[in-house]
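> Encoded as structure tokens, here's the structure I'll be asking about.
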Amino acid sequence: MAEMTINKKRPVNLDLTTIRLPLSAKVSILHRVSGAGLFICLPLLLWLFGASLTSADSFAVLQSVAASLPVKVILAGLIWAYAHHFCAGIRFLLLDLHVGIEKEAAAKSSAAVFAVSIPLTLALWWGILL
Amino acid sequence: MIKRIVVGAHYGLKDWIAQRATAAIMMIYSLLMTVVLLIVRPSTFEAWQGVFANGVIKFLTFLFCVSLFYHVWIGVRDIWMDYVKATGLRLTLHVLTVTALVGYTAWAAAILWRL
């Protein structure tokens with residue numbers, strides 16, 4: 001049986017306005033936010049994928065739809081979500097393998113997630129849409 | 001330090017591994033497809049359709065979709081478990097999530113095997 005000894009009367013501060021999130025916490029919560037966003041947009045992504053493969057006509061319609069600014073912004077958001085989820089995911093897998101779990105290394109790898117995911121988003125957005 | 005036995009019936013180890021295994025599969029697929037698309041550079045409908053009509057890519061794409069939906073199930077279920085405390089609502093959301101993901105799997109198969 002599981003042995004658990006947890007003190008139930010620990011002090012709790014869940015006031016989000018007074019909590020200062022370190023960079024690694026921002027990577028973590030954005031991993032969840034980007035994952036949730038991608039989940040919500042799955043029907044849209046499947047529809048886009050299906051339409052792109054159905055016929056030359058539907059492909060052409062998609063190309064013109066993707067050229068409009070609001071759609072470009074939404075797609076940029078989805079590309080960012082994938083890029084961030086991807087980069088943060090690699091960081092979490094390495095942490096699972098006990099790579100870079102020291103405080104300093106973990107802080108550096110959180111910064112690396114943003115340093116890679118943001119340029120990657122711009123590169124993919126530029127590569128796919130322009 | 002909490003000492004507990006992590007093997008046995010439903011301690012979550014299976015989901016923990018599945019979440020990571022599916023992540024690794026999707027990562028490999030993403031890198032592979034980036035290389036394929038950079039080589040083929042499909043700019044027309046025929047070229048784009050040709051990429052996914054390839055038997056190997058079609059299979060790998062479906063494998064990616066299945067990995068994605070399993071990965072999504074674990075992640076979204078964790079979100080419901082963290083924020084939704086009312087049992088009935090949480091159960092409803094779990095059922096809706098699974099239903100949607102099973103539907104998406106069939107949808108992905110239909111898209112790919114029309115080609």
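Each chain of the structure tokens is named A, B, ... in the order shown, its residues numbered from 1; ligands are numbered from 1 in display order.
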Which neighbours of Thr22 of chain B fall inside 10 Å, counting only C-alpha atoms, when residues of the same chain fewer than 4 positions from it are skipped, and could you give them as a PyMOL selection string?
chain B and resi 17-18+26-28+63-72
> Next, dump the selected residues to file, keeping only all heavy atoms, as a CSV table (one decimal), in the first residue's frame.

```
chain,number,residue,atom,x,y,z
B,17,ILE,N,4.2,7.0,-19.0
B,17,ILE,CA,5.1,6.5,-20.1
B,17,ILE,C,4.4,6.7,-21.5
B,17,ILE,O,5.1,7.2,-22.4
B,17,ILE,CB,5.3,4.9,-19.9
B,17,ILE,CG1,6.2,4.7,-18.7
B,17,ILE,CG2,6.0,4.3,-21.2
B,17,ILE,CD1,6.4,3.3,-18.3
B,18,ALA,N,3.1,6.5,-21.6
B,18,ALA,CA,2.4,6.7,-22.9
B,18,ALA,C,2.5,8.1,-23.3
B,18,ALA,O,2.8,8.4,-24.5
B,18,ALA,CB,1.0,6.3,-22.8
B,26,MET,N,5.8,11.7,-32.0
B,26,MET,CA,5.4,13.0,-32.7
B,26,MET,C,6.6,13.8,-33.1
B,26,MET,O,6.6,14.5,-34.1
B,26,MET,CB,4.4,13.7,-31.9
B,26,MET,CG,3.0,13.0,-31.8
B,26,MET,SD,1.8,14.1,-31.0
B,26,MET,CE,2.3,13.9,-29.3
B,27,MET,N,7.6,13.8,-32.2
B,27,MET,CA,8.8,14.6,-32.4
B,27,MET,C,9.5,14.1,-33.6
B,27,MET,O,9.9,14.8,-34.5
B,27,MET,CB,9.7,14.5,-31.1
B,27,MET,CG,10.6,15.6,-30.9
B,27,MET,SD,11.4,15.3,-29.3
B,27,MET,CE,10.1,15.9,-28.2
B,28,ILE,N,9.7,12.8,-33.7
B,28,ILE,CA,10.4,12.1,-34.8
B,28,ILE,C,9.6,12.4,-36.1
B,28,ILE,O,10.2,12.8,-37.1
B,28,ILE,CB,10.6,10.6,-34.6
B,28,ILE,CG1,11.5,10.4,-33.4
B,28,ILE,CG2,11.1,9.9,-35.9
B,28,ILE,CD1,11.5,9.0,-32.9
B,63,LEU,N,-0.1,7.2,-37.8
B,63,LEU,CA,0.5,6.9,-36.6
B,63,LEU,C,0.7,8.2,-35.7
B,63,LEU,O,0.5,8.2,-34.5
B,63,LEU,CB,1.9,6.2,-36.8
B,63,LEU,CG,2.6,5.7,-35.6
B,63,LEU,CD1,1.9,4.5,-35.0
B,63,LEU,CD2,4.0,5.2,-36.0
B,64,PHE,N,1.1,9.3,-36.4
B,64,PHE,CA,1.2,10.5,-35.7
B,64,PHE,C,-0.1,11.0,-35.1
B,64,PHE,O,-0.2,11.4,-33.9
B,64,PHE,CB,1.7,11.6,-36.7
B,64,PHE,CG,1.6,13.0,-36.2
B,64,PHE,CD1,2.6,13.6,-35.4
B,64,PHE,CD2,0.5,13.8,-36.5
B,64,PHE,CE1,2.5,14.9,-34.9
B,64,PHE,CE2,0.4,15.1,-36.0
B,64,PHE,CZ,1.4,15.6,-35.2
B,65,CYS,N,-1.2,10.8,-35.9
B,65,CYS,CA,-2.5,11.3,-35.4
B,65,CYS,C,-3.0,10.4,-34.2
B,65,CYS,O,-3.5,11.0,-33.2
B,65,CYS,CB,-3.6,11.1,-36.5
B,65,CYS,SG,-3.3,12.3,-37.9
B,66,VAL,N,-2.7,9.1,-34.3
B,66,VAL,CA,-3.1,8.3,-33.1
B,66,VAL,C,-2.3,8.6,-31.9
B,66,VAL,O,-2.9,8.8,-30.8
B,66,VAL,CB,-3.0,6.8,-33.5
B,66,VAL,CG1,-3.2,5.9,-32.3
B,66,VAL,CG2,-3.9,6.4,-34.6
B,67,SER,N,-1.0,8.9,-32.1
B,67,SER,CA,-0.1,9.3,-31.0
B,67,SER,C,-0.6,10.6,-30.4
B,67,SER,O,-0.7,10.8,-29.2
B,67,SER,CB,1.3,9.5,-31.4
B,67,SER,OG,1.8,8.3,-31.9
B,68,LEU,N,-0.9,11.5,-31.3
B,68,LEU,CA,-1.4,12.9,-30.9
B,68,LEU,C,-2.7,12.7,-30.1
B,68,LEU,O,-2.8,13.3,-29.0
B,68,LEU,CB,-1.7,13.7,-32.2
B,68,LEU,CG,-2.4,15.1,-31.9
B,68,LEU,CD1,-1.4,16.0,-31.2
B,68,LEU,CD2,-2.8,15.7,-33.3
B,69,PHE,N,-3.6,11.9,-30.5
B,69,PHE,CA,-4.9,11.9,-29.8
B,69,PHE,C,-4.8,11.2,-28.4
B,69,PHE,O,-5.4,11.6,-27.5
B,69,PHE,CB,-6.0,11.2,-30.7
B,69,PHE,CG,-6.2,11.9,-32.0
B,69,PHE,CD1,-6.5,11.3,-33.2
B,69,PHE,CD2,-6.2,13.3,-32.0
B,69,PHE,CE1,-6.7,11.9,-34.4
B,69,PHE,CE2,-6.3,14.0,-33.2
B,69,PHE,CZ,-6.6,13.3,-34.4
B,70,TYR,N,-3.9,10.2,-28.4
B,70,TYR,CA,-3.6,9.5,-27.1
B,70,TYR,C,-3.0,10.5,-26.1
B,70,TYR,O,-3.3,10.7,-25.0
B,70,TYR,CB,-2.8,8.3,-27.3
B,70,TYR,CG,-2.7,7.3,-26.1
B,70,TYR,CD1,-3.4,7.6,-24.9
B,70,TYR,CD2,-2.0,6.2,-26.2
B,70,TYR,CE1,-3.3,6.7,-23.9
B,70,TYR,CE2,-1.9,5.3,-25.1
B,70,TYR,CZ,-2.6,5.6,-24.0
B,70,TYR,OH,-2.5,4.7,-22.9
B,71,HIS,N,-2.0,11.3,-26.7
B,71,HIS,CA,-1.3,12.3,-25.9
B,71,HIS,C,-2.2,13.4,-25.4
B,71,HIS,O,-2.2,13.8,-24.3
B,71,HIS,CB,-0.2,12.9,-26.8
B,71,HIS,CG,0.8,13.8,-26.2
B,71,HIS,ND1,2.0,13.4,-25.6
B,71,HIS,CD2,0.8,15.1,-26.0
B,71,HIS,CE1,2.6,14.4,-25.1
B,71,HIS,NE2,2.0,15.5,-25.4
B,72,VAL,N,-3.1,13.8,-26.3
B,72,VAL,CA,-4.1,14.8,-26.0
B,72,VAL,C,-5.0,14.3,-24.8
B,72,VAL,O,-5.4,15.0,-23.9
B,72,VAL,CB,-5.0,15.2,-27.2
B,72,VAL,CG1,-6.2,16.0,-26.8
B,72,VAL,CG2,-4.1,16.0,-28.2
```
> Using only C-alpha atoms, which protein or nucleic acid residues come within 12 Å of segment 45-50 of chain B? Drop anything in the same chain fewer than 6 positions from it, and give the result as a count of residues only.
26
> I'd like to know which of B:Leu13, B:Leu91, B:Met33, B:Ala53 is closest to chain A, using only C-alpha atoms.
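Among B:Leu13, B:Leu91, B:Met33, B:Ala53, it is B:Ala53 that comes nearest to chain A.
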> Apply DSSP to the structure's backbone, then extract all residues of chain B labelled alpha helix (DSSP H) and return them as number ranges by chain.
B: 13-40, 45-53, 55-83, 87-112
> Mind writing the picked residues with C-alpha atoms as a PDB file, in the first residue's frame?

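Generated file (out-v4.pdb):
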```pdb
ATOM      1  CA  LEU B  13       2.781   4.895 -14.616  1.00  0.00           C
ATOM      2  CA  LYS B  14       1.285   3.550 -17.846  1.00  0.00           C
ATOM      3  CA  ASP B  15      -0.159   6.963 -18.777  1.00  0.00           C
ATOM      4  CA  TRP B  16       3.058   8.700 -17.757  1.00  0.00           C
ATOM      5  CA  ILE B  17       5.050   6.460 -20.111  1.00  0.00           C
ATOM      6  CA  ALA B  18       2.428   6.689 -22.885  1.00  0.00           C
ATOM      7  CA  GLN B  19       2.494  10.493 -22.710  1.00  0.00           C
ATOM      8  CA  ARG B  20       6.254  10.480 -23.221  1.00  0.00           C
ATOM      9  CA  ALA B  21       6.346   7.692 -25.824  1.00  0.00           C
ATOM     10  CA  THR B  22       3.693   9.431 -27.954  1.00  0.00           C
ATOM     11  CA  ALA B  23       5.621  12.705 -27.569  1.00  0.00           C
ATOM     12  CA  ALA B  24       8.773  11.009 -28.888  1.00  0.00           C
ATOM     13  CA  ILE B  25       6.864   9.537 -31.869  1.00  0.00           C
ATOM     14  CA  MET B  26       5.386  12.951 -32.740  1.00  0.00           C
ATOM     15  CA  MET B  27       8.779  14.598 -32.384  1.00  0.00           C
ATOM     16  CA  ILE B  28      10.402  12.148 -34.816  1.00  0.00           C
ATOM     17  CA  TYR B  29       7.493  12.540 -37.258  1.00  0.00           C
ATOM     18  CA  SER B  30       7.698  16.353 -37.081  1.00  0.00           C
ATOM     19  CA  LEU B  31      11.412  16.359 -37.850  1.00  0.00           C
ATOM     20  CA  LEU B  32      10.991  13.766 -40.623  1.00  0.00           C
ATOM     21  CA  MET B  33       8.158  15.701 -42.280  1.00  0.00           C
ATOM     22  CA  THR B  34      10.125  18.945 -42.037  1.00  0.00           C
ATOM     23  CA  VAL B  35      12.932  17.276 -44.008  1.00  0.00           C
ATOM     24  CA  VAL B  36      10.483  15.717 -46.518  1.00  0.00           C
ATOM     25  CA  LEU B  37       8.677  19.025 -47.113  1.00  0.00           C
ATOM     26  CA  LEU B  38      11.969  20.916 -47.439  1.00  0.00           C
ATOM     27  CA  ILE B  39      13.123  18.409 -50.084  1.00  0.00           C
ATOM     28  CA  VAL B  40       9.835  18.084 -52.016  1.00  0.00           C
ATOM     29  CA  PHE B  45      -2.141  20.749 -55.021  1.00  0.00           C
ATOM     30  CA  GLU B  46      -0.856  17.722 -56.988  1.00  0.00           C
ATOM     31  CA  ALA B  47       2.545  17.858 -55.272  1.00  0.00           C
ATOM     32  CA  TRP B  48       0.992  18.358 -51.783  1.00  0.00           C
ATOM     33  CA  GLN B  49      -1.459  15.484 -52.303  1.00  0.00           C
ATOM     34  CA  GLY B  50       1.371  13.354 -53.714  1.00  0.00           C
ATOM     35  CA  VAL B  51       3.325  13.653 -50.450  1.00  0.00           C
ATOM     36  CA  PHE B  52       0.480  12.178 -48.353  1.00  0.00           C
ATOM     37  CA  ALA B  53      -0.595   9.657 -51.006  1.00  0.00           C
ATOM     38  CA  GLY B  55       2.066   4.721 -48.535  1.00  0.00           C
ATOM     39  CA  VAL B  56       4.825   5.169 -45.960  1.00  0.00           C
ATOM     40  CA  ILE B  57       3.982   8.827 -45.265  1.00  0.00           C
ATOM     41  CA  LYS B  58       0.276   7.992 -45.092  1.00  0.00           C
ATOM     42  CA  PHE B  59       0.956   5.301 -42.491  1.00  0.00           C
ATOM     43  CA  LEU B  60       3.349   7.509 -40.496  1.00  0.00           C
ATOM     44  CA  THR B  61       0.865  10.393 -40.608  1.00  0.00           C
ATOM     45  CA  PHE B  62      -1.878   8.160 -39.230  1.00  0.00           C
ATOM     46  CA  LEU B  63       0.519   6.887 -36.555  1.00  0.00           C
ATOM     47  CA  PHE B  64       1.222  10.543 -35.692  1.00  0.00           C
ATOM     48  CA  CYS B  65      -2.521  11.252 -35.420  1.00  0.00           C
ATOM     49  CA  VAL B  66      -3.126   8.276 -33.130  1.00  0.00           C
ATOM     50  CA  SER B  67      -0.140   9.297 -30.968  1.00  0.00           C
ATOM     51  CA  LEU B  68      -1.424  12.859 -30.913  1.00  0.00           C
ATOM     52  CA  PHE B  69      -4.929  11.873 -29.796  1.00  0.00           C
ATOM     53  CA  TYR B  70      -3.648   9.531 -27.077  1.00  0.00           C
ATOM     54  CA  HIS B  71      -1.254  12.286 -25.907  1.00  0.00           C
ATOM     55  CA  VAL B  72      -4.130  14.799 -25.959  1.00  0.00           C
ATOM     56  CA  TRP B  73      -6.291  12.459 -23.896  1.00  0.00           C
ATOM     57  CA  ILE B  74      -3.719  12.265 -21.096  1.00  0.00           C
ATOM     58  CA  GLY B  75      -3.009  16.000 -21.150  1.00  0.00           C
ATOM     59  CA  VAL B  76      -6.607  17.172 -21.331  1.00  0.00           C
ATOM     60  CA  ARG B  77      -7.687  14.653 -18.691  1.00  0.00           C
ATOM     61  CA  ASP B  78      -4.983  16.098 -16.399  1.00  0.00           C
ATOM     62  CA  ILE B  79      -6.391  19.580 -17.009  1.00  0.00           C
ATOM     63  CA  TRP B  80      -9.944  18.469 -16.112  1.00  0.00           C
ATOM     64  CA  MET B  81      -8.628  16.658 -13.007  1.00  0.00           C
ATOM     65  CA  ASP B  82      -6.734  19.775 -11.886  1.00  0.00           C
ATOM     66  CA  TYR B  83      -9.495  22.344 -12.336  1.00  0.00           C
ATOM     67  CA  THR B  87     -17.505  14.671 -10.166  1.00  0.00           C
ATOM     68  CA  GLY B  88     -20.488  14.735 -12.527  1.00  0.00           C
ATOM     69  CA  LEU B  89     -19.134  17.617 -14.611  1.00  0.00           C
ATOM     70  CA  ARG B  90     -15.654  16.094 -14.680  1.00  0.00           C
ATOM     71  CA  LEU B  91     -17.030  12.737 -15.825  1.00  0.00           C
ATOM     72  CA  THR B  92     -19.066  14.469 -18.537  1.00  0.00           C
ATOM     73  CA  LEU B  93     -15.984  16.338 -19.769  1.00  0.00           C
ATOM     74  CA  HIS B  94     -13.946  13.114 -19.768  1.00  0.00           C
ATOM     75  CA  VAL B  95     -16.586  11.338 -21.840  1.00  0.00           C
ATOM     76  CA  LEU B  96     -16.895  14.267 -24.275  1.00  0.00           C
ATOM     77  CA  THR B  97     -13.116  14.428 -24.653  1.00  0.00           C
ATOM     78  CA  VAL B  98     -12.789  10.700 -25.378  1.00  0.00           C
ATOM     79  CA  THR B  99     -15.733  10.810 -27.778  1.00  0.00           C
ATOM     80  CA  ALA B 100     -14.234  13.743 -29.687  1.00  0.00           C
ATOM     81  CA  LEU B 101     -10.814  12.079 -29.884  1.00  0.00           C
ATOM     82  CA  VAL B 102     -12.222   8.767 -31.134  1.00  0.00           C
ATOM     83  CA  GLY B 103     -14.162  10.754 -33.745  1.00  0.00           C
ATOM     84  CA  TYR B 104     -11.026  12.669 -34.766  1.00  0.00           C
ATOM     85  CA  THR B 105      -9.189   9.356 -35.224  1.00  0.00           C
ATOM     86  CA  ALA B 106     -11.835   8.157 -37.686  1.00  0.00           C
ATOM     87  CA  TRP B 107     -11.800  11.586 -39.371  1.00  0.00           C
ATOM     88  CA  ALA B 108      -8.005  11.444 -39.813  1.00  0.00           C
ATOM     89  CA  ALA B 109      -8.262   7.920 -41.256  1.00  0.00           C
ATOM     90  CA  ALA B 110     -10.989   9.067 -43.673  1.00  0.00           C
ATOM     91  CA  ILE B 111      -8.876  12.015 -44.875  1.00  0.00           C
ATOM     92  CA  LEU B 112      -5.795   9.863 -45.435  1.00  0.00           C
TER      93      LEU B 112
END
```
> My list of candidates is A:Ala123, A:Ile101, A:Leu16, A:Val113. Which is closest to Phe86 of chain A when distances are computed with only C-alpha atoms?
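The closest residue to Phe86 of chain A is A:Val113.
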> May I have the residues of chain A within 12 Å of chain B, counting only C-alpha atoms, written as a count of residues only?
60
> In Å to one decimal, how far is atom CA of Gly12 of chain B from atom CA of Ala107 of chain A?
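Going from atom CA of Ala107 of chain A over to atom CA of Gly12 of chain B covers 28.2 Å.
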